[in-house]
Amino acid sequence: MTRWPLPPHMARALQEARLAAAEGEVPIGAVIVKDGQTIAIGRNAPRQIHDPTAHAEMVAIRAAAKALGNERLEGCELWVTLEPCAMCAGAIVHARIARLYYGASDPKGGAVEHGARVFDQPQCLHRPDVYAGIGGPEAGELLRDFFREKR
């Protein structure tokens, strides 16, 4: 369903999403990049590790902070297959991630262009540059297929 070649970091996030689906998790994947280099990856794992905070973004943010030895991920980009929820958007703010690229929009649980719109709140301490829809058709198809099989 690719309409044009995907950026390599989104292609990797989609690969992680597929791995999450194979593990019975909702297919969401994330990649954190600094200076063009992948420094961390993550995929949904809340069911597998019994942790409601183990969203793909949170897993990747924790791994990136550990890899850099710093809780501030300044200058980093986060590539994720689905619009972040409020928890993940809050973590993006606190980590000071510079740029967020995401695939599919999430009208039910998203908090960037939907719901809480975390980055638009006056209390938001940091606002990343946001680029939506990159790999959206592919990410959306993965999610639809996953939930179709569950029903």
# chains A, B, ... in the order shown; residues from 1 in each chain; ligands from 1
$ residues_around --residues "A:Asp106" --least-positions-apart "6" --cutoff "9 Å" --atoms "only C-alpha atoms" --output "PDB file with C-alpha atoms, in the first residue's frame"
ATOM      1  CA  LEU A  82       0.459   5.897  15.564  1.00  0.00           C
ATOM      2  CA  GLU A  83      -0.423   9.301  16.992  1.00  0.00           C
ATOM      3  CA  PRO A  84       0.824   9.308  20.610  1.00  0.00           C
ATOM      4  CA  CYS A  85      -1.618   9.093  23.521  1.00  0.00           C
ATOM      5  CA  VAL A 112      -1.546  15.362  19.509  1.00  0.00           C
ATOM      6  CA  GLU A 113      -4.133  16.294  16.873  1.00  0.00           C
ATOM      7  CA  HIS A 114      -7.038  14.757  18.802  1.00  0.00           C
TER       8      HIS A 114
END
$ closest_atom_pairs --of "stretch 56-82 of chain A" --to "stretch 5-15 of chain A" --cutoff "7 Å" --atoms "only C-alpha atoms" --output "Markdown table"
| residue | atom | partner | partner_atom | distance |
| --- | --- | --- | --- | --- |
| A:Trp79 | CA | A:Met10 | CA | 5.9 |
| A:Val80 | CA | A:Ala13 | CA | 6.0 |
| A:Thr81 | CA | A:Ala13 | CA | 6.3 |
$ atom_distance --atom1 "atom CA of A:Ala139" --atom2 "atom CA of A:Arg99"
19.0 Å
$ residues_around --residues "A:Ala45" --least-positions-apart "3" --cutoff "9 Å" --atoms "only C-alpha atoms" --output "JSON, numbers by chain"
{"A": [20, 23, 24, 25, 26, 42, 48, 49, 50, 51, 52, 53, 54, 55, 56, 59]}
$ write_last_selection --atoms "all heavy atoms" --output "mmCIF file, in the first residue's frame"
data_model
loop_
_atom_site.group_PDB
_atom_site.id
_atom_site.type_symbol
_atom_site.label_atom_id
_atom_site.label_comp_id
_atom_site.auth_asym_id
_atom_site.auth_seq_id
_atom_site.Cartn_x
_atom_site.Cartn_y
_atom_site.Cartn_z
ATOM 1 N N ALA A 20 5.494 -6.471 17.102
ATOM 2 C CA ALA A 20 4.546 -6.379 18.224
ATOM 3 C C ALA A 20 3.301 -7.204 17.925
ATOM 4 O O ALA A 20 2.825 -7.955 18.789
ATOM 5 C CB ALA A 20 4.178 -4.915 18.485
ATOM 6 N N GLU A 23 3.670 -10.777 18.437
ATOM 7 C CA GLU A 23 3.718 -11.118 19.865
ATOM 8 C C GLU A 23 2.363 -10.933 20.545
ATOM 9 O O GLU A 23 2.259 -11.041 21.766
ATOM 10 C CB GLU A 23 4.780 -10.258 20.555
ATOM 11 C CG GLU A 23 6.185 -10.556 20.059
ATOM 12 C CD GLU A 23 7.230 -9.535 20.488
ATOM 13 O OE1 GLU A 23 6.871 -8.460 21.025
ATOM 14 O OE2 GLU A 23 8.424 -9.804 20.276
ATOM 15 N N GLY A 24 1.330 -10.609 19.764
ATOM 16 C CA GLY A 24 -0.006 -10.434 20.315
ATOM 17 C C GLY A 24 -0.273 -9.050 20.862
ATOM 18 O O GLY A 24 -1.305 -8.810 21.488
ATOM 19 N N GLU A 25 0.626 -8.129 20.615
ATOM 20 C CA GLU A 25 0.468 -6.744 21.080
ATOM 21 C C GLU A 25 -0.146 -5.892 19.972
ATOM 22 O O GLU A 25 -0.019 -6.210 18.783
ATOM 23 C CB GLU A 25 1.828 -6.144 21.456
ATOM 24 C CG GLU A 25 2.542 -6.844 22.576
ATOM 25 C CD GLU A 25 1.987 -6.531 23.962
ATOM 26 O OE1 GLU A 25 1.075 -5.686 24.095
ATOM 27 O OE2 GLU A 25 2.477 -7.144 24.926
ATOM 28 N N VAL A 26 -0.770 -4.793 20.343
ATOM 29 C CA VAL A 26 -1.262 -3.847 19.352
ATOM 30 C C VAL A 26 -0.055 -3.379 18.535
ATOM 31 O O VAL A 26 0.976 -3.011 19.105
ATOM 32 C CB VAL A 26 -1.983 -2.660 20.034
ATOM 33 C CG1 VAL A 26 -2.398 -1.619 19.009
ATOM 34 C CG2 VAL A 26 -3.196 -3.157 20.811
ATOM 35 N N GLY A 42 11.512 0.730 19.898
ATOM 36 C CA GLY A 42 10.533 0.225 20.852
ATOM 37 C C GLY A 42 9.317 -0.294 20.115
ATOM 38 O O GLY A 42 9.044 0.116 18.997
ATOM 39 N N GLN A 48 2.714 -8.260 27.255
ATOM 40 C CA GLN A 48 3.830 -9.179 27.410
ATOM 41 C C GLN A 48 4.552 -8.997 28.742
ATOM 42 O O GLN A 48 4.910 -9.973 29.401
ATOM 43 C CB GLN A 48 4.804 -8.984 26.248
ATOM 44 C CG GLN A 48 5.917 -9.995 26.203
ATOM 45 C CD GLN A 48 6.779 -9.807 24.969
ATOM 46 O OE1 GLN A 48 6.837 -8.743 24.381
ATOM 47 N NE2 GLN A 48 7.455 -10.868 24.589
ATOM 48 N N ILE A 49 4.777 -7.732 29.158
ATOM 49 C CA ILE A 49 5.534 -7.513 30.401
ATOM 50 C C ILE A 49 4.649 -7.006 31.549
ATOM 51 O O ILE A 49 5.170 -6.627 32.581
ATOM 52 C CB ILE A 49 6.747 -6.584 30.172
ATOM 53 C CG1 ILE A 49 6.312 -5.168 29.769
ATOM 54 C CG2 ILE A 49 7.689 -7.175 29.137
ATOM 55 C CD1 ILE A 49 7.469 -4.175 29.731
ATOM 56 N N HIS A 50 3.329 -7.018 31.313
ATOM 57 C CA HIS A 50 2.367 -6.636 32.354
ATOM 58 C C HIS A 50 2.649 -5.234 32.883
ATOM 59 O O HIS A 50 2.749 -5.011 34.087
ATOM 60 C CB HIS A 50 2.349 -7.664 33.491
ATOM 61 C CG HIS A 50 2.221 -9.064 33.001
ATOM 62 N ND1 HIS A 50 1.081 -9.535 32.399
ATOM 63 C CD2 HIS A 50 3.117 -10.083 32.970
ATOM 64 C CE1 HIS A 50 1.270 -10.786 32.043
ATOM 65 N NE2 HIS A 50 2.489 -11.148 32.372
ATOM 66 N N ASP A 51 2.796 -4.294 31.943
ATOM 67 C CA ASP A 51 3.108 -2.908 32.288
ATOM 68 C C ASP A 51 2.270 -1.993 31.401
ATOM 69 O O ASP A 51 2.526 -1.897 30.197
ATOM 70 C CB ASP A 51 4.604 -2.647 32.070
ATOM 71 C CG ASP A 51 5.014 -1.219 32.375
ATOM 72 O OD1 ASP A 51 4.145 -0.360 32.652
ATOM 73 O OD2 ASP A 51 6.220 -0.946 32.312
ATOM 74 N N PRO A 52 1.269 -1.331 31.959
ATOM 75 C CA PRO A 52 0.414 -0.475 31.142
ATOM 76 C C PRO A 52 1.141 0.715 30.522
ATOM 77 O O PRO A 52 0.619 1.338 29.603
ATOM 78 C CB PRO A 52 -0.673 -0.013 32.116
ATOM 79 C CG PRO A 52 -0.059 -0.149 33.468
ATOM 80 C CD PRO A 52 0.907 -1.299 33.371
ATOM 81 N N THR A 53 2.337 1.022 30.991
ATOM 82 C CA THR A 53 3.093 2.138 30.411
ATOM 83 C C THR A 53 4.051 1.680 29.309
ATOM 84 O O THR A 53 4.788 2.506 28.761
ATOM 85 C CB THR A 53 3.904 2.900 31.484
ATOM 86 O OG1 THR A 53 4.973 2.085 31.956
ATOM 87 C CG2 THR A 53 3.019 3.346 32.636
ATOM 88 N N ALA A 54 4.054 0.420 28.960
ATOM 89 C CA ALA A 54 5.008 -0.093 27.976
ATOM 90 C C ALA A 54 4.529 0.122 26.541
ATOM 91 O O ALA A 54 4.537 -0.783 25.712
ATOM 92 C CB ALA A 54 5.304 -1.565 28.245
ATOM 93 N N HIS A 55 4.127 1.352 26.254
ATOM 94 C CA HIS A 55 3.790 1.723 24.880
ATOM 95 C C HIS A 55 5.097 1.827 24.091
ATOM 96 O O HIS A 55 6.170 2.061 24.660
ATOM 97 C CB HIS A 55 3.074 3.063 24.842
ATOM 98 C CG HIS A 55 1.694 3.022 25.412
ATOM 99 N ND1 HIS A 55 0.785 4.033 25.213
ATOM 100 C CD2 HIS A 55 1.061 2.100 26.190
ATOM 101 C CE1 HIS A 55 -0.346 3.738 25.823
ATOM 102 N NE2 HIS A 55 -0.197 2.569 26.429
ATOM 103 N N ALA A 56 5.022 1.703 22.781
ATOM 104 C CA ALA A 56 6.216 1.738 21.926
ATOM 105 C C ALA A 56 7.059 2.981 22.185
ATOM 106 O O ALA A 56 8.287 2.899 22.302
ATOM 107 C CB ALA A 56 5.800 1.677 20.461
ATOM 108 N N VAL A 59 8.853 2.754 25.625
ATOM 109 C CA VAL A 59 9.959 1.794 25.569
ATOM 110 C C VAL A 59 11.151 2.436 24.866
ATOM 111 O O VAL A 59 12.293 2.356 25.341
ATOM 112 C CB VAL A 59 9.506 0.498 24.853
ATOM 113 C CG1 VAL A 59 10.682 -0.429 24.595
ATOM 114 C CG2 VAL A 59 8.418 -0.214 25.661
#
$ select_by_dssp --residues "chain A" --states "alpha helix (DSSP H)" --output "count of residues only"
57
$ select_by_dssp --residues "stretch 22-151 of chain A" --states "strand (DSSP E or B)" --output "VMD selection string"
chain A and resid 29 to 34 37 to 43 76 to 82 99 to 104 129 to 132
$ closest_atom_pairs --of "stretch 86-115 of chain A" --to "stretch 132-138 of chain A" --cutoff "6 Å" --atoms "only C-alpha atoms" --output "tab-separated table"
residue	atom	partner	partner_atom	distance
A:Tyr101	CA	A:Ala132	CA	5.9
A:Tyr102	CA	A:Ala132	CA	5.0
A:Gly103	CA	A:Gly136	CA	3.8
A:Ala104	CA	A:Gly136	CA	4.1
$ write_last_selection --atoms "N, CA and C atoms" --output "compact mmCIF listing (two decimals), in the first residue's frame"
# COMPACT_ATOMS: atom_id res chain seq x y z
N TYR A 101 7.51 12.43 14.35
CA TYR A 101 6.94 11.99 13.08
C TYR A 101 6.03 10.82 13.40
N TYR A 102 4.76 10.90 13.00
CA TYR A 102 3.90 9.73 13.23
C TYR A 102 3.07 9.40 12.01
N GLY A 103 2.68 8.13 11.96
CA GLY A 103 1.95 7.59 10.82
C GLY A 103 0.46 7.85 10.90
N ALA A 104 -0.27 6.91 11.44
CA ALA A 104 -1.73 6.99 11.48
C ALA A 104 -2.22 7.92 12.60
